[in-house]
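Enquirer: As input, take start.tsv (TSV, C-alpha atoms):
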chain	number	residue	atom	x	y	z
A	195	MET	CA	-9.94	17.62	-9.39
A	196	ASN	CA	-9.20	15.68	-6.22
A	197	GLU	CA	-5.77	15.24	-4.65
A	198	TRP	CA	-5.28	11.80	-6.24
A	199	GLU	CA	-5.67	13.16	-9.77
A	200	VAL	CA	-2.31	14.90	-9.54
A	201	ARG	CA	-0.69	11.59	-10.55
A	202	VAL	CA	2.50	11.98	-8.58
A	203	LEU	CA	3.33	9.09	-6.29
A	204	THR	CA	4.47	10.50	-2.94
A	205	ALA	CA	5.15	9.31	0.58
A	206	ASP	CA	1.67	10.64	1.43
A	207	HIS	CA	0.16	7.95	-0.82
A	208	PHE	CA	2.01	5.34	1.24
A	209	ASP	CA	0.79	6.92	4.49
A	210	ARG	CA	-2.82	6.78	3.33
A	211	ILE	CA	-2.77	3.21	2.10
A	212	ASN	CA	-0.91	2.08	5.23
A	213	THR	CA	-3.49	3.77	7.46
A	214	PHE	CA	-6.31	2.14	5.48
A	215	LEU	CA	-4.75	-1.33	5.73
A	216	ARG	CA	-3.85	-1.01	9.42
A	217	ALA	CA	-7.47	-0.01	10.18
A	218	ARG	CA	-8.68	-3.24	8.53
A	219	ILE	CA	-6.03	-5.69	9.77
A	220	ASP	CA	-5.42	-4.64	13.38
A	221	PRO	CA	-9.01	-5.21	14.62
A	222	LEU	CA	-9.16	-8.59	12.86
A	223	LEU	CA	-5.88	-9.60	14.45
A	224	GLY	CA	-7.14	-8.55	17.88
A	225	GLU	CA	-10.33	-10.59	17.42
A	226	ALA	CA	-8.37	-13.62	16.25
A	227	ARG	CA	-6.12	-13.43	19.29
A	228	ALA	CA	-9.08	-13.03	21.64
A	229	ALA	CA	-10.79	-16.04	20.06
A	230	GLY	CA	-7.63	-18.13	20.31
A	231	ASN	CA	-7.62	-18.83	16.58
A	232	GLY	CA	-3.93	-19.59	16.14
A	233	ASP	CA	-4.02	-20.19	12.39
A	234	LEU	CA	-5.77	-16.90	11.75
A	235	VAL	CA	-3.38	-15.08	14.09
A	236	ILE	CA	-0.43	-16.44	12.11
A	237	ALA	CA	-1.99	-15.46	8.77
A	238	LEU	CA	-2.93	-11.95	9.91
A	239	THR	CA	0.46	-11.44	11.56
A	240	SER	CA	2.13	-12.35	8.27
A	241	LEU	CA	-0.14	-9.94	6.41
A	242	SER	CA	0.57	-7.23	8.96
A	243	ARG	CA	4.33	-7.73	8.55
A	244	ALA	CA	4.01	-7.60	4.76
A	245	VAL	CA	2.14	-4.31	4.99
A	246	GLU	CA	4.69	-2.87	7.39
A	247	SER	CA	7.72	-3.93	5.36
A	248	ASN	CA	6.31	-2.64	2.06
A	249	TYR	CA	5.33	0.61	3.75
A	250	VAL	CA	8.72	1.13	5.41
A	251	LEU	CA	10.70	0.18	2.30
A	252	GLY	CA	8.43	2.23	0.05
A	253	THR	CA	8.60	5.42	2.09
A	254	GLY	CA	12.28	4.94	2.88
A	255	VAL	CA	13.35	5.74	-0.68
A	256	PHE	CA	11.76	9.19	-0.77
A	257	ASN	CA	13.64	12.42	-0.37
A	258	GLY	CA	11.86	15.77	-0.06
A	259	GLU	CA	10.76	15.89	-3.70
A	260	GLY	CA	10.12	12.30	-4.73
A	261	PRO	CA	11.83	8.96	-5.03
A	262	LYS	CA	15.60	9.05	-4.79
A	263	GLU	CA	17.27	8.79	-8.17
A	264	GLY	CA	17.58	5.21	-9.30
A	265	ARG	CA	15.06	3.94	-6.71
A	266	GLU	CA	11.86	4.57	-8.68
A	267	HIS	CA	11.33	0.89	-9.43
A	268	GLU	CA	11.49	-0.01	-5.76
A	269	VAL	CA	8.80	2.56	-4.98
A	270	GLY	CA	6.64	1.09	-7.71
A	271	VAL	CA	7.01	-2.48	-6.50
A	272	ARG	CA	6.15	-1.50	-2.91
A	273	TRP	CA	3.12	0.58	-3.97
A	274	ASP	CA	1.78	-2.17	-6.18
A	275	ALA	CA	2.14	-4.74	-3.38
A	276	LEU	CA	0.21	-2.54	-0.95
A	277	GLY	CA	-2.41	-1.81	-3.59
A	278	THR	CA	-2.93	-5.53	-4.14
A	279	MET	CA	-3.50	-6.00	-0.41
A	280	ALA	CA	-5.87	-3.02	-0.18
A	281	TYR	CA	-7.88	-4.24	-3.17
A	282	GLU	CA	-9.31	-7.02	-1.02
A	283	TRP	CA	-11.28	-4.29	0.79
A	284	ARG	CA	-12.35	-2.43	-2.38
A	285	LEU	CA	-16.01	-2.44	-1.27
A	286	HIS	CA	-15.18	-0.72	2.04
A	287	PRO	CA	-16.41	2.90	2.11
A	288	ASP	CA	-12.93	4.17	3.02
A	289	PHE	CA	-11.31	2.50	0.00
A	290	GLN	CA	-9.86	5.12	-2.34
A	291	ARG	CA	-9.63	4.66	-6.09
A	292	ALA	CA	-5.90	5.45	-6.01
A	293	PHE	CA	-5.30	2.27	-4.03
A	294	GLU	CA	-6.14	0.21	-7.11
A	295	LEU	CA	-4.02	2.28	-9.50
A	296	SER	CA	-0.63	0.90	-10.38
A	297	ALA	CA	2.50	2.85	-9.58
A	298	GLY	CA	2.80	3.64	-13.28
A	299	GLU	CA	-0.62	5.28	-13.21
A	300	LEU	CA	0.39	7.34	-10.17
A	301	GLY	CA	3.39	9.22	-11.42
A	302	GLY	CA	5.14	7.22	-14.06
A	303	VAL	CA	6.97	4.80	-11.79
A	304	ALA	CA	6.89	1.95	-14.28
A	305	PRO	CA	7.46	-1.68	-13.38
A	306	LEU	CA	10.74	-3.20	-14.43
A	307	LEU	CA	10.49	-5.31	-17.57
A	308	LEU	CA	12.62	-8.43	-17.48
A	309	ASP	CA	13.74	-10.27	-20.60
A	310	GLY	CA	12.69	-13.90	-21.03
Mind turning this structure into structure tokens?

Expert:
Amino acid sequence: MNEWEVRVLTADHFDRINTFLRARIDPLLGEARAAGNGDLVIALTSLSRAVESNYVLGTGVFNGEGPKEGREHEVGVRWDALGTMAYEWRLHPDFQRAFELSAGELGGVAPLLLDG
């Protein structure tokens, strides 16, 4: 059994997916800046900010043992957003299967169901 099979969503999951995404985005952003490609710089900067905000907000709701009571949904939303971004690099050798699992599959943090 590997460490992802434990099925408990933790701040460590967020650290790993953030590291993976930063390693993909930061070099592309640097190349876009060096090439003077303003449109690509804007797009990658927006992506970078989305990663950072979902990471910060996702990890910010953890206490020492898991998500703070009543904040489980927020953790799930943030994880699923980061997973969607990481999925674009699913063929990369550093991509981990857990990145494509929903929050519900990683510890029972189910998405909120809204009526109508």

Enquirer: Can you pull out the residues contacting A:Lys262? Cut-off 12 Å, using only C-alpha atoms, and skip same-chain residues under 5 positions away; I want them as a VMD selection string.

Expert: chain A and resid 204 to 205 252 to 257 267 to 269 303

Enquirer: Go ahead and dump the residues you just picked, C-alpha atoms, as a tab-separated table (two decimals), in the coordinates of the input.

Expert:
chain	number	residue	atom	x	y	z
A	204	THR	CA	4.47	10.50	-2.94
A	205	ALA	CA	5.15	9.31	0.58
A	252	GLY	CA	8.43	2.23	0.05
A	253	THR	CA	8.60	5.42	2.09
A	254	GLY	CA	12.28	4.94	2.88
A	255	VAL	CA	13.35	5.74	-0.68
A	256	PHE	CA	11.76	9.19	-0.77
A	257	ASN	CA	13.64	12.42	-0.37
A	267	HIS	CA	11.33	0.89	-9.43
A	268	GLU	CA	11.49	-0.01	-5.76
A	269	VAL	CA	8.80	2.56	-4.98
A	303	VAL	CA	6.97	4.80	-11.79

Enquirer: Counting only C-alpha atoms, which residue out of A:Leu238, A:Met279, A:Ala244, A:Ile211 sits closest to A:Gly224?

Expert: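 Counting only C-alpha atoms, the residue closest to A:Gly224 is A:Leu238.
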
Enquirer: What separation in Å, quoted to one decimal, exists between atom CA of A:Ser247 and atom CA of A:Phe293?

Expert: 17.2 Å

Enquirer: Pick out the closest residue to A:Ser240 from this set: A:Ala228, A:Ala275, A:Leu223, A:Ala280. Count all atoms listed in the file.

Expert: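 Answer, going by the shortest atom-to-atom distance: A:Leu223.
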
Enquirer: From the set A:Ile219, A:Gly277, A:Val250, A:Leu234, which residue has the shortest atom-to-atom contact distance to A:Phe289, counting all atoms listed in the file?

Expert: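 Checking each candidate against A:Phe289, we get A:Gly277 as the closest.
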
Enquirer: Work out how far atom CA of A:Thr213 is from atom CA of A:Ile236, in Å to one decimal.

Expert: 21.0 Å

Enquirer: Would you mind listing what lies within 8 Å of A:Arg216 as a list of chain:residue names, with all atoms listed in the file counted and same-chain residues fewer than 4 positions away left out?

Expert: A:Asn212, A:Asp220, A:Ser242

Enquirer: Would you please work out which residue, of A:Ala237, A:Glu282, A:Arg272, A:Glu263, is nearest to A:Leu215 when using all atoms listed in the file?

Expert: A:Glu282

Enquirer: Suppose you want the space between atom CA of A:Ala297 and atom CA of A:Glu266; what is it in Å?

Expert: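 That distance, rounded to one decimal, is 9.6 Å.
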
Enquirer: Need the neighbours of (-1.9, -5.4, -9.2): which residues are at most 8 Å away, counting all atoms listed in the file, as a list in words?

Expert: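 Counting all atoms listed in the file, I find these residues within 8 Å of (-1.9, -5.4, -9.2): Asp274, Ala275, Gly277, Thr278, Glu294, Leu295 and Ser296 of chain A.
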
Enquirer: Nearest to A:Asn248: which of A:Pro221, A:Tyr281, A:His286, A:Val271 is it, counting only C-alpha atoms?

Expert: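 Of the candidates, the smallest distance to A:Asn248 is held by A:Val271.
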
Enquirer: Of the candidates A:Arg227, A:Arg210, A:Arg218, A:Arg265, which shows the shortest atom-to-atom distance to A:Leu251, using all atoms listed in the file?

Expert: A:Arg265

Enquirer: Will you model N, CA and C atoms for stretch 246-265 of chain A and pass it back as a PDB file, in the frame of the given file?

Expert:
ATOM      1  N   GLU A 246       3.677  -3.705   6.734  1.00  0.00           N
ATOM      2  CA  GLU A 246       4.690  -2.870   7.390  1.00  0.00           C
ATOM      3  C   GLU A 246       5.983  -2.810   6.578  1.00  0.00           C
ATOM      4  N   SER A 247       6.453  -3.945   6.098  1.00  0.00           N
ATOM      5  CA  SER A 247       7.720  -3.930   5.360  1.00  0.00           C
ATOM      6  C   SER A 247       7.587  -3.193   4.040  1.00  0.00           C
ATOM      7  N   ASN A 248       6.491  -3.378   3.319  1.00  0.00           N
ATOM      8  CA  ASN A 248       6.310  -2.640   2.060  1.00  0.00           C
ATOM      9  C   ASN A 248       6.142  -1.150   2.305  1.00  0.00           C
ATOM     10  N   TYR A 249       5.486  -0.799   3.403  1.00  0.00           N
ATOM     11  CA  TYR A 249       5.330   0.610   3.750  1.00  0.00           C
ATOM     12  C   TYR A 249       6.689   1.232   4.094  1.00  0.00           C
ATOM     13  N   VAL A 250       7.431   0.596   4.975  1.00  0.00           N
ATOM     14  CA  VAL A 250       8.720   1.130   5.410  1.00  0.00           C
ATOM     15  C   VAL A 250       9.697   1.223   4.232  1.00  0.00           C
ATOM     16  N   LEU A 251       9.773   0.165   3.440  1.00  0.00           N
ATOM     17  CA  LEU A 251      10.700   0.180   2.300  1.00  0.00           C
ATOM     18  C   LEU A 251      10.240   1.148   1.222  1.00  0.00           C
ATOM     19  N   GLY A 252       8.945   1.281   1.041  1.00  0.00           N
ATOM     20  CA  GLY A 252       8.430   2.230   0.050  1.00  0.00           C
ATOM     21  C   GLY A 252       8.681   3.669   0.426  1.00  0.00           C
ATOM     22  N   THR A 253       8.404   4.031   1.670  1.00  0.00           N
ATOM     23  CA  THR A 253       8.600   5.420   2.090  1.00  0.00           C
ATOM     24  C   THR A 253      10.075   5.739   2.327  1.00  0.00           C
ATOM     25  N   GLY A 254      10.865   4.713   2.584  1.00  0.00           N
ATOM     26  CA  GLY A 254      12.280   4.940   2.880  1.00  0.00           C
ATOM     27  C   GLY A 254      13.103   5.420   1.698  1.00  0.00           C
ATOM     28  N   VAL A 255      12.572   5.315   0.488  1.00  0.00           N
ATOM     29  CA  VAL A 255      13.350   5.740  -0.680  1.00  0.00           C
ATOM     30  C   VAL A 255      12.974   7.146  -1.147  1.00  0.00           C
ATOM     31  N   PHE A 256      12.140   7.833  -0.392  1.00  0.00           N
ATOM     32  CA  PHE A 256      11.760   9.190  -0.770  1.00  0.00           C
ATOM     33  C   PHE A 256      12.710  10.211  -0.149  1.00  0.00           C
ATOM     34  N   ASN A 257      13.013  11.232  -0.925  1.00  0.00           N
ATOM     35  CA  ASN A 257      13.640  12.420  -0.370  1.00  0.00           C
ATOM     36  C   ASN A 257      12.551  13.489  -0.336  1.00  0.00           C
ATOM     37  N   GLY A 258      12.869  14.723  -0.174  1.00  0.00           N
ATOM     38  CA  GLY A 258      11.860  15.770  -0.060  1.00  0.00           C
ATOM     39  C   GLY A 258      11.016  15.982  -1.299  1.00  0.00           C
ATOM     40  N   GLU A 259      11.469  15.580  -2.462  1.00  0.00           N
ATOM     41  CA  GLU A 259      10.760  15.890  -3.700  1.00  0.00           C
ATOM     42  C   GLU A 259      10.256  14.671  -4.457  1.00  0.00           C
ATOM     43  N   GLY A 260      10.558  13.499  -4.021  1.00  0.00           N
ATOM     44  CA  GLY A 260      10.120  12.300  -4.730  1.00  0.00           C
ATOM     45  C   GLY A 260      11.071  11.165  -4.472  1.00  0.00           C
ATOM     46  N   PRO A 261      10.929  10.088  -5.227  1.00  0.00           N
ATOM     47  CA  PRO A 261      11.830   8.960  -5.030  1.00  0.00           C
ATOM     48  C   PRO A 261      13.282   9.348  -5.320  1.00  0.00           C
ATOM     49  N   LYS A 262      14.186   8.804  -4.541  1.00  0.00           N
ATOM     50  CA  LYS A 262      15.600   9.050  -4.790  1.00  0.00           C
ATOM     51  C   LYS A 262      15.965   8.503  -6.161  1.00  0.00           C
ATOM     52  N   GLU A 263      16.869   9.177  -6.827  1.00  0.00           N
ATOM     53  CA  GLU A 263      17.270   8.790  -8.170  1.00  0.00           C
ATOM     54  C   GLU A 263      17.732   7.335  -8.195  1.00  0.00           C
ATOM     55  N   GLY A 264      17.221   6.604  -9.161  1.00  0.00           N
ATOM     56  CA  GLY A 264      17.580   5.210  -9.300  1.00  0.00           C
ATOM     57  C   GLY A 264      16.753   4.260  -8.442  1.00  0.00           C
ATOM     58  N   ARG A 265      15.861   4.784  -7.618  1.00  0.00           N
ATOM     59  CA  ARG A 265      15.060   3.940  -6.710  1.00  0.00           C
ATOM     60  C   ARG A 265      13.577   3.916  -7.104  1.00  0.00           C
TER      61      ARG A 265
END
